[in-house]
>>> print(open('my_file_0.tsv').read())   # TSV, C-alpha atoms (C1' of nucleotides)
chain	number	residue	atom	x	y	z
A	1	MET	CA	-14.56	5.91	18.52
A	2	VAL	CA	-11.78	5.55	16.02
A	3	THR	CA	-12.30	2.05	14.81
A	4	LYS	CA	-15.07	-0.21	15.86
A	5	GLY	CA	-12.46	-2.86	16.35
A	6	ASN	CA	-13.30	-4.56	13.11
A	7	VAL	CA	-10.26	-3.13	11.39
A	8	PHE	CA	-8.77	-6.51	11.88
A	9	ASP	CA	-11.28	-8.01	9.55
A	10	PRO	CA	-9.82	-7.84	6.04
A	11	ASN	CA	-13.25	-6.83	4.78
A	12	CYS	CA	-13.42	-3.89	7.15
A	13	PRO	CA	-14.12	-0.58	5.40
A	14	THR	CA	-10.98	0.91	6.84
A	15	ARG	CA	-8.91	-1.84	5.31
A	16	VAL	CA	-10.46	-1.24	1.95
A	17	ILE	CA	-9.67	2.45	2.08
A	18	LEU	CA	-6.19	1.72	3.31
A	19	ASP	CA	-5.65	-0.43	0.26
A	20	ARG	CA	-6.65	2.45	-1.98
A	21	ILE	CA	-4.63	5.02	-0.09
A	22	GLY	CA	-1.75	2.65	-0.07
A	23	ASP	CA	-1.54	2.11	-3.77
A	24	LYS	CA	0.82	4.27	-5.64
A	25	TRP	CA	-1.35	6.62	-7.68
A	26	THR	CA	-4.86	7.02	-6.26
A	27	VAL	CA	-3.96	9.78	-3.84
A	28	LEU	CA	-2.01	11.64	-6.48
A	29	ALA	CA	-4.94	11.47	-8.86
A	30	VAL	CA	-7.33	12.81	-6.23
A	31	LEU	CA	-4.98	15.68	-5.49
A	32	LEU	CA	-4.55	16.51	-9.15
A	33	LEU	CA	-8.28	16.44	-9.84
A	34	ARG	CA	-8.84	18.69	-6.89
A	35	ASP	CA	-8.61	21.83	-8.98
A	36	GLY	CA	-10.90	20.64	-11.72
A	37	PRO	CA	-11.47	17.93	-14.32
A	38	LEU	CA	-8.51	16.58	-16.24
A	39	ARG	CA	-7.89	14.52	-19.31
A	40	PHE	CA	-6.00	11.24	-19.33
A	41	THR	CA	-2.81	12.78	-20.60
A	42	GLU	CA	-2.96	15.63	-18.15
A	43	LEU	CA	-3.19	13.17	-15.28
A	44	ARG	CA	-0.40	11.15	-16.80
A	45	ASP	CA	1.88	14.16	-17.09
A	46	GLY	CA	0.91	15.46	-13.69
A	47	ILE	CA	1.76	12.23	-11.96
A	48	GLY	CA	5.00	11.67	-13.75
A	49	ARG	CA	6.31	8.24	-14.48
A	50	VAL	CA	3.27	6.02	-14.90
A	51	ALA	CA	2.62	3.31	-17.41
A	52	PRO	CA	-0.68	3.98	-19.18
A	53	LYS	CA	-1.89	0.54	-18.24
A	54	VAL	CA	-1.38	1.23	-14.58
A	55	LEU	CA	-2.98	4.65	-14.72
A	56	THR	CA	-5.98	3.15	-16.43
A	57	GLN	CA	-6.24	0.51	-13.75
A	58	THR	CA	-6.14	3.15	-11.07
A	59	LEU	CA	-8.72	5.36	-12.73
A	60	ARG	CA	-11.04	2.46	-13.39
A	61	ARG	CA	-10.93	1.39	-9.79
A	62	MET	CA	-11.54	4.93	-8.65
A	63	GLU	CA	-14.47	5.16	-11.01
A	64	ARG	CA	-15.83	1.90	-9.67
A	65	ASP	CA	-15.47	3.17	-6.13
A	66	GLY	CA	-17.42	6.27	-7.09
A	67	LEU	CA	-14.53	8.64	-6.50
A	68	ILE	CA	-14.43	9.96	-10.03
A	69	THR	CA	-16.57	10.06	-13.16
A	70	ARG	CA	-15.32	9.29	-16.63
A	71	GLU	CA	-16.72	11.15	-19.59
A	72	VAL	CA	-15.92	10.07	-23.11
A	73	PHE	CA	-16.37	12.48	-26.00
A	74	ALA	CA	-16.83	10.84	-29.37
A	75	GLU	CA	-14.50	13.15	-31.18
A	76	ILE	CA	-11.44	12.78	-33.30
A	77	PRO	CA	-9.03	12.70	-31.68
A	78	PRO	CA	-10.87	11.16	-28.74
A	79	ARG	CA	-11.16	13.03	-25.49
A	80	VAL	CA	-11.78	11.61	-22.05
A	81	VAL	CA	-12.32	13.74	-19.00
A	82	TYR	CA	-12.07	12.62	-15.40
A	83	THR	CA	-13.87	14.52	-12.69
A	84	LEU	CA	-13.87	14.18	-8.94
A	85	THR	CA	-17.26	13.24	-7.52
A	86	PRO	CA	-18.46	14.68	-4.21
A	87	LEU	CA	-17.40	11.39	-2.66
A	88	GLY	CA	-13.96	11.75	-4.15
A	89	THR	CA	-13.77	15.35	-3.04
A	90	SER	CA	-14.60	14.37	0.50
A	91	LEU	CA	-11.49	12.21	0.52
A	92	ILE	CA	-9.29	15.27	0.27
A	93	ALA	CA	-9.82	16.20	3.89
A	94	PRO	CA	-8.58	12.90	5.36
A	95	ILE	CA	-5.67	12.92	2.97
A	96	SER	CA	-4.79	16.42	4.05
A	97	VAL	CA	-4.72	15.35	7.67
A	98	LEU	CA	-2.34	12.59	6.81
A	99	SER	CA	-0.26	14.91	4.70
A	100	ASP	CA	-0.05	17.48	7.44
A	101	TRP	CA	1.00	14.86	9.94
A	102	ALA	CA	3.69	13.67	7.58
A	103	GLU	CA	5.11	17.11	7.02
A	104	ASN	CA	5.01	18.00	10.69
A	105	HIS	CA	6.69	14.83	11.85
A	106	LEU	CA	9.13	14.21	9.06
A	107	PRO	CA	12.06	15.65	11.04
A	108	ALA	CA	11.30	13.35	13.95
A	109	ILE	CA	11.12	10.35	11.66
A	110	THR	CA	14.33	11.23	9.88
A	111	THR	CA	16.10	11.70	13.16
A	112	ALA	CA	14.85	8.37	14.44
A	113	GLN	CA	15.99	6.62	11.29
A	114	THR	CA	19.43	8.17	11.45
A	115	ARG	CA	19.87	7.20	15.06
A	116	TYR	CA	18.62	3.69	14.43
A	117	ASP	CA	20.97	3.20	11.52
A	118	ALA	CA	23.87	4.55	13.50
A	119	ALA	CA	23.14	2.10	16.32
A	120	VAL	CA	23.69	-0.77	13.94
B	1	MET	CA	-2.33	24.02	3.20
B	2	VAL	CA	-2.88	20.39	2.44
B	3	THR	CA	0.19	19.41	0.48
B	4	LYS	CA	2.89	21.76	-0.58
B	5	GLY	CA	2.67	20.23	-4.00
B	6	ASN	CA	5.70	18.08	-3.48
B	7	VAL	CA	3.61	15.00	-2.98
B	8	PHE	CA	4.54	14.12	-6.48
B	9	ASP	CA	8.13	13.72	-5.52
B	10	PRO	CA	8.62	10.10	-4.47
B	11	ASN	CA	10.77	11.34	-1.61
B	12	CYS	CA	8.00	13.56	-0.31
B	13	PRO	CA	7.18	12.97	3.36
B	14	THR	CA	3.58	12.26	2.50
B	15	ARG	CA	4.63	9.53	0.12
B	16	VAL	CA	6.77	7.95	2.78
B	17	ILE	CA	3.89	7.90	5.23
B	18	LEU	CA	1.55	6.61	2.57
B	19	ASP	CA	3.90	3.70	2.07
B	20	ARG	CA	3.75	2.87	5.75
B	21	ILE	CA	0.00	3.32	5.99
B	22	GLY	CA	-0.41	1.32	2.87
B	23	ASP	CA	1.43	-1.73	4.04
B	24	LYS	CA	-0.63	-4.43	5.52
B	25	TRP	CA	0.23	-4.45	9.19
B	26	THR	CA	1.63	-1.14	10.41
B	27	VAL	CA	-1.74	0.45	11.06
B	28	LEU	CA	-2.99	-2.65	12.83
B	29	ALA	CA	0.07	-2.68	15.06
B	30	VAL	CA	-0.39	0.97	15.98
B	31	LEU	CA	-4.01	0.36	16.84
B	32	LEU	CA	-3.18	-2.68	18.94
B	33	LEU	CA	-0.44	-0.88	20.83
B	34	ARG	CA	-2.79	1.96	21.50
B	35	ASP	CA	-3.95	0.48	24.78
B	36	GLY	CA	-0.51	-0.31	26.08
B	37	PRO	CA	2.69	-2.24	25.40
B	38	LEU	CA	2.47	-5.69	23.93
B	39	ARG	CA	4.73	-8.65	23.40
B	40	PHE	CA	5.55	-10.18	20.06
B	41	THR	CA	3.10	-13.00	20.41
B	42	GLU	CA	0.33	-10.72	21.59
B	43	LEU	CA	0.74	-8.60	18.50
B	44	ARG	CA	0.85	-11.70	16.39
B	45	ASP	CA	-2.34	-13.07	17.86
B	46	GLY	CA	-4.04	-9.70	17.76
B	47	ILE	CA	-3.36	-9.18	14.11
B	48	GLY	CA	-4.32	-12.63	13.06
B	49	ARG	CA	-2.71	-14.36	10.14
B	50	VAL	CA	0.83	-13.00	9.96
B	51	ALA	CA	4.03	-14.80	9.24
B	52	PRO	CA	6.54	-14.07	12.00
B	53	LYS	CA	9.06	-12.96	9.42
B	54	VAL	CA	6.68	-10.32	8.11
B	55	LEU	CA	5.65	-9.12	11.54
B	56	THR	CA	9.29	-8.72	12.46
B	57	GLN	CA	9.92	-6.73	9.30
B	58	THR	CA	7.02	-4.46	10.11
B	59	LEU	CA	8.05	-3.93	13.72
B	60	ARG	CA	11.66	-3.26	12.80
B	61	ARG	CA	10.65	-0.64	10.30
B	62	MET	CA	8.31	0.96	12.81
B	63	GLU	CA	11.11	0.98	15.34
B	64	ARG	CA	13.43	2.54	12.80
B	65	ASP	CA	10.85	5.21	12.03
B	66	GLY	CA	10.58	5.97	15.72
B	67	LEU	CA	6.97	4.85	16.02
B	68	ILE	CA	7.65	2.16	18.60
B	69	THR	CA	10.33	1.10	21.02
B	70	ARG	CA	11.58	-2.43	21.45
B	71	GLU	CA	12.63	-3.68	24.85
B	72	VAL	CA	14.36	-7.00	25.23
B	73	PHE	CA	14.45	-8.75	28.58
B	74	ALA	CA	17.26	-11.23	29.01
B	75	GLU	CA	15.13	-13.88	30.58
B	76	ILE	CA	14.32	-17.45	29.90
B	77	PRO	CA	12.11	-17.70	28.03
B	78	PRO	CA	12.93	-14.40	26.36
B	79	ARG	CA	10.51	-11.53	26.48
B	80	VAL	CA	10.26	-8.61	24.12
B	81	VAL	CA	7.92	-5.71	24.64
B	82	TYR	CA	6.85	-3.21	22.04
B	83	THR	CA	5.63	0.22	23.09
B	84	LEU	CA	4.18	3.09	21.15
B	85	THR	CA	6.32	6.22	21.27
B	86	PRO	CA	4.73	9.68	21.43
B	87	LEU	CA	5.41	9.89	17.71
B	88	GLY	CA	3.63	6.62	17.14
B	89	THR	CA	0.78	7.70	19.36
B	90	SER	CA	0.36	10.87	17.36
B	91	LEU	CA	-0.33	8.75	14.32
B	92	ILE	CA	-3.54	7.47	15.84
B	93	ALA	CA	-5.39	10.70	15.15
B	94	PRO	CA	-4.78	10.77	11.40
B	95	ILE	CA	-5.62	7.09	11.20
B	96	SER	CA	-8.84	7.72	13.05
B	97	VAL	CA	-9.82	10.40	10.56
B	98	LEU	CA	-9.26	7.97	7.75
B	99	SER	CA	-11.11	5.28	9.59
B	100	ASP	CA	-14.06	7.52	10.27
B	101	TRP	CA	-14.20	8.57	6.64
B	102	ALA	CA	-14.18	4.96	5.59
B	103	GLU	CA	-16.99	3.97	7.89
B	104	ASN	CA	-19.10	6.97	6.98
B	105	HIS	CA	-18.72	6.52	3.25
B	106	LEU	CA	-18.70	2.78	2.95
B	107	PRO	CA	-22.35	2.65	1.88
B	108	ALA	CA	-21.69	5.16	-0.90
B	109	ILE	CA	-18.70	3.19	-2.10
B	110	THR	CA	-20.53	-0.10	-2.03
B	111	THR	CA	-23.42	1.40	-3.93
B	112	ALA	CA	-21.08	2.84	-6.53
B	113	GLN	CA	-19.35	-0.47	-6.96
B	114	THR	CA	-22.59	-2.36	-7.36
B	115	ARG	CA	-23.87	0.08	-9.94
B	116	TYR	CA	-20.59	0.03	-11.82
B	117	ASP	CA	-20.51	-3.72	-11.93
B	118	ALA	CA	-24.09	-3.87	-13.08
B	119	ALA	CA	-23.34	-1.45	-15.91
B	120	VAL	CA	-20.86	-3.92	-17.31
C	1	DC	C1'	-5.61	10.66	-27.96
C	2	DG	C1'	-6.81	7.11	-24.90
C	3	DG	C1'	-6.09	3.16	-23.82
C	4	DG	C1'	-6.04	-2.37	-24.74
C	5	DA	C1'	-2.72	-6.35	-25.29
C	6	DT	C1'	1.33	-8.48	-24.01
C	7	DC	C1'	5.47	-9.59	-21.55
C	8	DC	C1'	8.30	-9.18	-17.61
C	9	DC	C1'	9.97	-8.55	-13.10
C	10	DT	C1'	10.41	-7.08	-8.35
C	11	DG	C1'	9.19	-7.39	-3.62
C	12	DG	C1'	5.67	-7.89	-0.29
C	13	DC	C1'	3.74	-11.45	1.93
C	14	DG	C1'	2.94	-16.29	3.31
C	15	DA	C1'	4.29	-21.07	5.23
C	16	DT	C1'	7.27	-23.98	7.42
C	17	DA	C1'	11.23	-25.39	9.91
C	18	DC	C1'	14.72	-24.42	13.01
C	19	DT	C1'	17.56	-22.03	16.97
C	20	DG	C1'	19.43	-19.23	21.14
D	1	DC	C1'	9.41	-17.09	23.35
D	2	DA	C1'	11.04	-14.47	19.74
D	3	DG	C1'	12.62	-14.53	16.26
D	4	DT	C1'	15.98	-16.17	11.83
D	5	DA	C1'	16.48	-18.95	7.68
D	6	DT	C1'	14.63	-20.63	3.44
D	7	DC	C1'	11.60	-21.28	-0.17
D	8	DG	C1'	7.99	-19.83	-3.03
D	9	DC	C1'	3.72	-17.36	-4.82
D	10	DC	C1'	1.66	-13.86	-7.24
D	11	DA	C1'	-0.29	-9.19	-7.66
D	12	DG	C1'	1.14	-4.55	-8.53
D	13	DG	C1'	3.63	-2.09	-11.34
D	14	DG	C1'	6.62	-1.12	-15.48
D	15	DA	C1'	7.85	-1.03	-20.67
D	16	DT	C1'	6.58	-1.41	-25.22
D	17	DC	C1'	3.71	-1.90	-29.16
D	18	DC	C1'	-0.40	-1.33	-31.43
D	19	DC	C1'	-5.21	0.04	-32.66
D	20	DG	C1'	-9.75	2.65	-33.37
>>> encode(input="my_file_0.tsv", output="structure tokens")
Amino acid sequence: MVTKGNVFDPNCPTRVILDRIGDKWTVLAVLLLRDGPLRFTELRDGIGRVAPKVLTQTLRRMERDGLITREVFAEIPPRVVYTLTPLGTSLIAPISVLSDWAENHLPAITTAQTRYDAAV
Amino acid sequence: MVTKGNVFDPNCPTRVILDRIGDKWTVLAVLLLRDGPLRFTELRDGIGRVAPKVLTQTLRRMERDGLITREVFAEIPPRVVYTLTPLGTSLIAPISVLSDWAENHLPAITTAQTRYDAAV
DNA sequence: CGGGATCCCTGGCGATACTG
DNA sequence: CAGTATCGCCAGGGATCCCG
């Protein structure tokens, strides 16, 4: 099954997801929101070094993709809460698989890199 | 399990893998090599529109990471064969999970995008 | 507080030409 | 054939300031 072979089409769904997964902050945001809704600043602090512009871009795109919802409270000071949708939540599983693979094979990768570098 | 929480460290294994997965050609190369070793040109043609410089970069990095092996035959004309290592092969499963997720949820994403765009 | 506006800059990627 | 060499674009990301 895997891919229907259309992965090589830039418009292939897999490619689209890969683009999202590949960008720097989407995965982090999903993981942070995993334990419940968060405010802008909480996401910002949780992620670390992110320019607000960039975080906004990421969150907007995630909202557009239906991964999160954005709730604005007309208060002073303003409050905005981001929540993972069921769709967004369902992304955690695939990410976990990837994460597990990474952790399990990191030693092998490191070893390979070291050997490769030494051979040069 | 999922992540040990260190995903937020840029040096985290998951981040490293995400970088690889996120780049444009690594996943495609893995998928192509899935059915057996291939030559440079075969990979090039299989992927589509790739500058040779970029493909070389990708393959070198994959070789360094231990995902593929590179065999050079001292012939004329030269022949170079790329083969998936067991490590590289083991990456197919996680990719498949991602791919499956993408295909299963594409309609939901598309719908979300359409609705979002309409709301603007 | 949650961003929008603005400026900048790096590097990933592309195209083309050339060589062992 | 399998790259290397060179040049160049531009989008993603960063930093800073400001505003409702």
>>> closest_atom_pairs(input="my_file_0.tsv", of="stretch 3-118 of chain A", to="chain D", cutoff="12 Å", atoms="only C-alpha atoms (C1' of nucleotides)", output="tab-separated table")
residue	atom	partner	partner_atom	distance
A:Asp19	CA	D:DG12	C1'	11.8
A:Gly22	CA	D:DG12	C1'	11.5
A:Asp23	CA	D:DG12	C1'	8.6
A:Lys24	CA	D:DG13	C1'	9.0
A:Trp25	CA	D:DG13	C1'	10.7
A:Arg49	CA	D:DG14	C1'	9.4
A:Val50	CA	D:DG14	C1'	7.9
A:Ala51	CA	D:DG14	C1'	6.3
A:Pro52	CA	D:DG14	C1'	9.6
A:Lys53	CA	D:DG14	C1'	9.1
A:Val54	CA	D:DG13	C1'	6.8
A:Leu55	CA	D:DG13	C1'	10.0
A:Gln57	CA	D:DG12	C1'	10.4
A:Thr58	CA	D:DG12	C1'	10.9
A:Ala74	CA	D:DG20	C1'	11.5
A:Glu75	CA	D:DG20	C1'	11.7
A:Ile76	CA	D:DG20	C1'	10.3
A:Pro77	CA	D:DG20	C1'	10.2
A:Pro78	CA	D:DG20	C1'	9.8
>>> closest_atom_pairs(input="my_file_0.tsv", of="chain B", to="chain A", cutoff="9 Å", atoms="all atoms listed in the file", output="Markdown table")
| residue | atom | partner | partner_atom | distance |
| --- | --- | --- | --- | --- |
| B:Met1 | CA | A:Ser96 | CA | 8.0 |
| B:Val2 | CA | A:Ser96 | CA | 4.7 |
| B:Thr3 | CA | A:Ser99 | CA | 6.2 |
| B:Val7 | CA | A:Leu28 | CA | 7.4 |
| B:Phe8 | CA | A:Ile47 | CA | 6.4 |
| B:Cys12 | CA | A:Glu103 | CA | 8.6 |
| B:Pro13 | CA | A:Ala102 | CA | 5.5 |
| B:Thr14 | CA | A:Ser99 | CA | 5.2 |
| B:Arg15 | CA | A:Ala102 | CA | 8.6 |
| B:Val16 | CA | A:Ala102 | CA | 8.1 |
| B:Ile17 | CA | A:Ala102 | CA | 6.2 |
| B:Leu18 | CA | A:Gly22 | CA | 5.8 |
| B:Asp19 | CA | A:Gly22 | CA | 6.1 |
| B:Arg20 | CA | A:Gly22 | CA | 8.0 |
| B:Ile21 | CA | A:Gly22 | CA | 6.3 |
| B:Gly22 | CA | A:Gly22 | CA | 3.5 |
| B:Asp23 | CA | A:Gly22 | CA | 6.8 |
| B:Lys24 | CA | A:Asp19 | CA | 8.3 |
| B:Leu28 | CA | A:Phe8 | CA | 7.0 |
| B:Leu31 | CA | A:Thr3 | CA | 8.7 |
| B:Gly46 | CA | A:Phe8 | CA | 8.2 |
| B:Ile47 | CA | A:Phe8 | CA | 6.4 |
| B:Gly48 | CA | A:Phe8 | CA | 7.7 |
| B:Glu63 | CA | A:Tyr116 | CA | 8.0 |
| B:Arg64 | CA | A:Gln113 | CA | 5.0 |
| B:Asp65 | CA | A:Ile109 | CA | 5.2 |
| B:Gly66 | CA | A:Ala112 | CA | 5.1 |
| B:Leu67 | CA | A:Ile109 | CA | 8.2 |
| B:Leu87 | CA | A:His105 | CA | 7.8 |
| B:Ser90 | CA | A:Trp101 | CA | 8.4 |
| B:Leu91 | CA | A:Trp101 | CA | 7.6 |
| B:Ile92 | CA | A:Val2 | CA | 8.5 |
| B:Ala93 | CA | A:Val2 | CA | 8.3 |
| B:Pro94 | CA | A:Leu98 | CA | 5.5 |
| B:Ile95 | CA | A:Leu98 | CA | 7.8 |
| B:Ser96 | CA | A:Val2 | CA | 4.7 |
| B:Val97 | CA | A:Pro94 | CA | 5.9 |
| B:Leu98 | CA | A:Pro94 | CA | 5.5 |
| B:Ser99 | CA | A:Thr14 | CA | 5.2 |
| B:Asp100 | CA | A:Val2 | CA | 6.5 |
| B:Trp101 | CA | A:Pro94 | CA | 7.2 |
| B:Ala102 | CA | A:Thr14 | CA | 5.3 |
| B:Glu103 | CA | A:Pro13 | CA | 5.9 |
| B:His105 | CA | A:Leu87 | CA | 7.8 |
| B:Leu106 | CA | A:Pro13 | CA | 6.2 |
| B:Ala108 | CA | A:Gly66 | CA | 7.6 |
| B:Ile109 | CA | A:Asp65 | CA | 5.2 |
| B:Thr110 | CA | A:Asp65 | CA | 7.3 |
| B:Thr111 | CA | A:Gly66 | CA | 8.3 |
| B:Ala112 | CA | A:Gly66 | CA | 5.0 |
| B:Gln113 | CA | A:Arg64 | CA | 5.0 |
| B:Thr114 | CA | A:Arg64 | CA | 8.3 |
| B:Arg115 | CA | A:Arg64 | CA | 8.2 |
| B:Tyr116 | CA | A:Arg64 | CA | 5.5 |
| B:Asp117 | CA | A:Arg64 | CA | 7.7 |
>>> write_last_selection(input="my_file_0.tsv", atoms="C-alpha atoms", output="CSV table (one decimal), in the coordinates of the input")
chain,number,residue,atom,x,y,z
B,1,MET,CA,-2.3,24.0,3.2
B,2,VAL,CA,-2.9,20.4,2.4
B,3,THR,CA,0.2,19.4,0.5
B,7,VAL,CA,3.6,15.0,-3.0
B,8,PHE,CA,4.5,14.1,-6.5
B,12,CYS,CA,8.0,13.6,-0.3
B,13,PRO,CA,7.2,13.0,3.4
B,14,THR,CA,3.6,12.3,2.5
B,15,ARG,CA,4.6,9.5,0.1
B,16,VAL,CA,6.8,8.0,2.8
B,17,ILE,CA,3.9,7.9,5.2
B,18,LEU,CA,1.6,6.6,2.6
B,19,ASP,CA,3.9,3.7,2.1
B,20,ARG,CA,3.8,2.9,5.8
B,21,ILE,CA,0.0,3.3,6.0
B,22,GLY,CA,-0.4,1.3,2.9
B,23,ASP,CA,1.4,-1.7,4.0
B,24,LYS,CA,-0.6,-4.4,5.5
B,28,LEU,CA,-3.0,-2.6,12.8
B,31,LEU,CA,-4.0,0.4,16.8
B,46,GLY,CA,-4.0,-9.7,17.8
B,47,ILE,CA,-3.4,-9.2,14.1
B,48,GLY,CA,-4.3,-12.6,13.1
B,63,GLU,CA,11.1,1.0,15.3
B,64,ARG,CA,13.4,2.5,12.8
B,65,ASP,CA,10.8,5.2,12.0
B,66,GLY,CA,10.6,6.0,15.7
B,67,LEU,CA,7.0,4.8,16.0
B,87,LEU,CA,5.4,9.9,17.7
B,90,SER,CA,0.4,10.9,17.4
B,91,LEU,CA,-0.3,8.8,14.3
B,92,ILE,CA,-3.5,7.5,15.8
B,93,ALA,CA,-5.4,10.7,15.2
B,94,PRO,CA,-4.8,10.8,11.4
B,95,ILE,CA,-5.6,7.1,11.2
B,96,SER,CA,-8.8,7.7,13.0
B,97,VAL,CA,-9.8,10.4,10.6
B,98,LEU,CA,-9.3,8.0,7.8
B,99,SER,CA,-11.1,5.3,9.6
B,100,ASP,CA,-14.1,7.5,10.3
B,101,TRP,CA,-14.2,8.6,6.6
B,102,ALA,CA,-14.2,5.0,5.6
B,103,GLU,CA,-17.0,4.0,7.9
B,105,HIS,CA,-18.7,6.5,3.2
B,106,LEU,CA,-18.7,2.8,3.0
B,108,ALA,CA,-21.7,5.2,-0.9
B,109,ILE,CA,-18.7,3.2,-2.1
B,110,THR,CA,-20.5,-0.1,-2.0
B,111,THR,CA,-23.4,1.4,-3.9
B,112,ALA,CA,-21.1,2.8,-6.5
B,113,GLN,CA,-19.4,-0.5,-7.0
B,114,THR,CA,-22.6,-2.4,-7.4
B,115,ARG,CA,-23.9,0.1,-9.9
B,116,TYR,CA,-20.6,0.0,-11.8
B,117,ASP,CA,-20.5,-3.7,-11.9
>>> closest_atom_pairs(input="my_file_0.tsv", of="chain C", to="chain A", cutoff="10 Å", atoms="all atoms listed in the file", output="Markdown table")
| residue | atom | partner | partner_atom | distance |
| --- | --- | --- | --- | --- |
| C:DC1 | C1' | A:Pro78 | CA | 5.3 |
| C:DG2 | C1' | A:Pro78 | CA | 6.9 |
| C:DG3 | C1' | A:Pro52 | CA | 7.2 |
| C:DG4 | C1' | A:Lys53 | CA | 8.2 |
| C:DA5 | C1' | A:Lys53 | CA | 9.9 |
>>> closest_residue(input="my_file_0.tsv", among="B:Leu59, B:Leu33, B:Leu84, B:Ala119", to="chain D", atoms="all atoms listed in the file")
B:Leu59
>>> closest_residue(input="my_file_0.tsv", among="B:Val81, B:Val30, B:Ile68, B:Ala118", to="chain D", atoms="only C-alpha atoms (C1' of nucleotides)")
B:Val81
>>> atom_distance(input="my_file_0.tsv", atom1="atom CA of A:Phe73", atom2="atom CA of A:Pro37")
13.8 Å
>>> atom_distance(input="my_file_0.tsv", atom1="atom CA of A:Gly36", atom2="atom CA of A:Thr83")
6.9 Å
>>> atom_distance(input="my_file_0.tsv", atom1="atom CA of B:Val120", atom2="atom CA of A:Arg70")
14.3 Å
>>> build_atoms(input="my_file_0.tsv", residues="stretch 43-48 of chain B", atoms="all heavy atoms", output="PDB file, in the frame of the given file")
ATOM      1  N   LEU B  43       0.971  -9.306  19.760  1.00  0.00           N
ATOM      2  CA  LEU B  43       0.740  -8.600  18.500  1.00  0.00           C
ATOM      3  C   LEU B  43       0.350  -9.592  17.407  1.00  0.00           C
ATOM      4  O   LEU B  43      -0.588  -9.379  16.643  1.00  0.00           O
ATOM      5  CB  LEU B  43       2.007  -7.847  18.080  1.00  0.00           C
ATOM      6  CG  LEU B  43       2.269  -6.529  18.811  1.00  0.00           C
ATOM      7  CD1 LEU B  43       3.677  -6.037  18.539  1.00  0.00           C
ATOM      8  CD2 LEU B  43       1.244  -5.490  18.403  1.00  0.00           C
ATOM      9  N   ARG B  44       1.101 -10.664  17.387  1.00  0.00           N
ATOM     10  CA  ARG B  44       0.850 -11.700  16.390  1.00  0.00           C
ATOM     11  C   ARG B  44      -0.578 -12.210  16.474  1.00  0.00           C
ATOM     12  O   ARG B  44      -1.294 -12.279  15.477  1.00  0.00           O
ATOM     13  CB  ARG B  44       1.824 -12.851  16.659  1.00  0.00           C
ATOM     14  CG  ARG B  44       1.891 -13.893  15.581  1.00  0.00           C
ATOM     15  CD  ARG B  44       2.641 -15.127  16.079  1.00  0.00           C
ATOM     16  NE  ARG B  44       3.068 -16.024  15.031  1.00  0.00           N
ATOM     17  CZ  ARG B  44       2.344 -16.408  14.010  1.00  0.00           C
ATOM     18  NH1 ARG B  44       1.130 -15.950  13.845  1.00  0.00           N
ATOM     19  NH2 ARG B  44       2.827 -17.243  13.109  1.00  0.00           N
ATOM     20  N   ASP B  45      -0.997 -12.546  17.661  1.00  0.00           N
ATOM     21  CA  ASP B  45      -2.340 -13.070  17.860  1.00  0.00           C
ATOM     22  C   ASP B  45      -3.392 -12.000  17.566  1.00  0.00           C
ATOM     23  O   ASP B  45      -4.453 -12.287  17.006  1.00  0.00           O
ATOM     24  CB  ASP B  45      -2.507 -13.592  19.283  1.00  0.00           C
ATOM     25  CG  ASP B  45      -1.600 -14.800  19.540  1.00  0.00           C
ATOM     26  OD1 ASP B  45      -1.080 -15.368  18.554  1.00  0.00           O
ATOM     27  OD2 ASP B  45      -1.405 -15.151  20.718  1.00  0.00           O
ATOM     28  N   GLY B  46      -3.081 -10.776  17.964  1.00  0.00           N
ATOM     29  CA  GLY B  46      -4.040  -9.700  17.760  1.00  0.00           C
ATOM     30  C   GLY B  46      -4.281  -9.403  16.298  1.00  0.00           C
ATOM     31  O   GLY B  46      -5.410  -9.112  15.881  1.00  0.00           O
ATOM     32  N   ILE B  47      -3.239  -9.487  15.533  1.00  0.00           N
ATOM     33  CA  ILE B  47      -3.360  -9.180  14.110  1.00  0.00           C
ATOM     34  C   ILE B  47      -4.034 -10.309  13.358  1.00  0.00           C
ATOM     35  O   ILE B  47      -4.843 -10.085  12.473  1.00  0.00           O
ATOM     36  CB  ILE B  47      -1.963  -8.898  13.500  1.00  0.00           C
ATOM     37  CG1 ILE B  47      -1.462  -7.538  14.011  1.00  0.00           C
ATOM     38  CG2 ILE B  47      -2.027  -8.887  11.991  1.00  0.00           C
ATOM     39  CD1 ILE B  47      -0.104  -7.149  13.482  1.00  0.00           C
ATOM     40  N   GLY B  48      -3.688 -11.506  13.722  1.00  0.00           N
ATOM     41  CA  GLY B  48      -4.320 -12.630  13.060  1.00  0.00           C
ATOM     42  C   GLY B  48      -3.332 -13.456  12.275  1.00  0.00           C
ATOM     43  O   GLY B  48      -2.395 -14.001  12.829  1.00  0.00           O
TER      44      GLY B  48
END
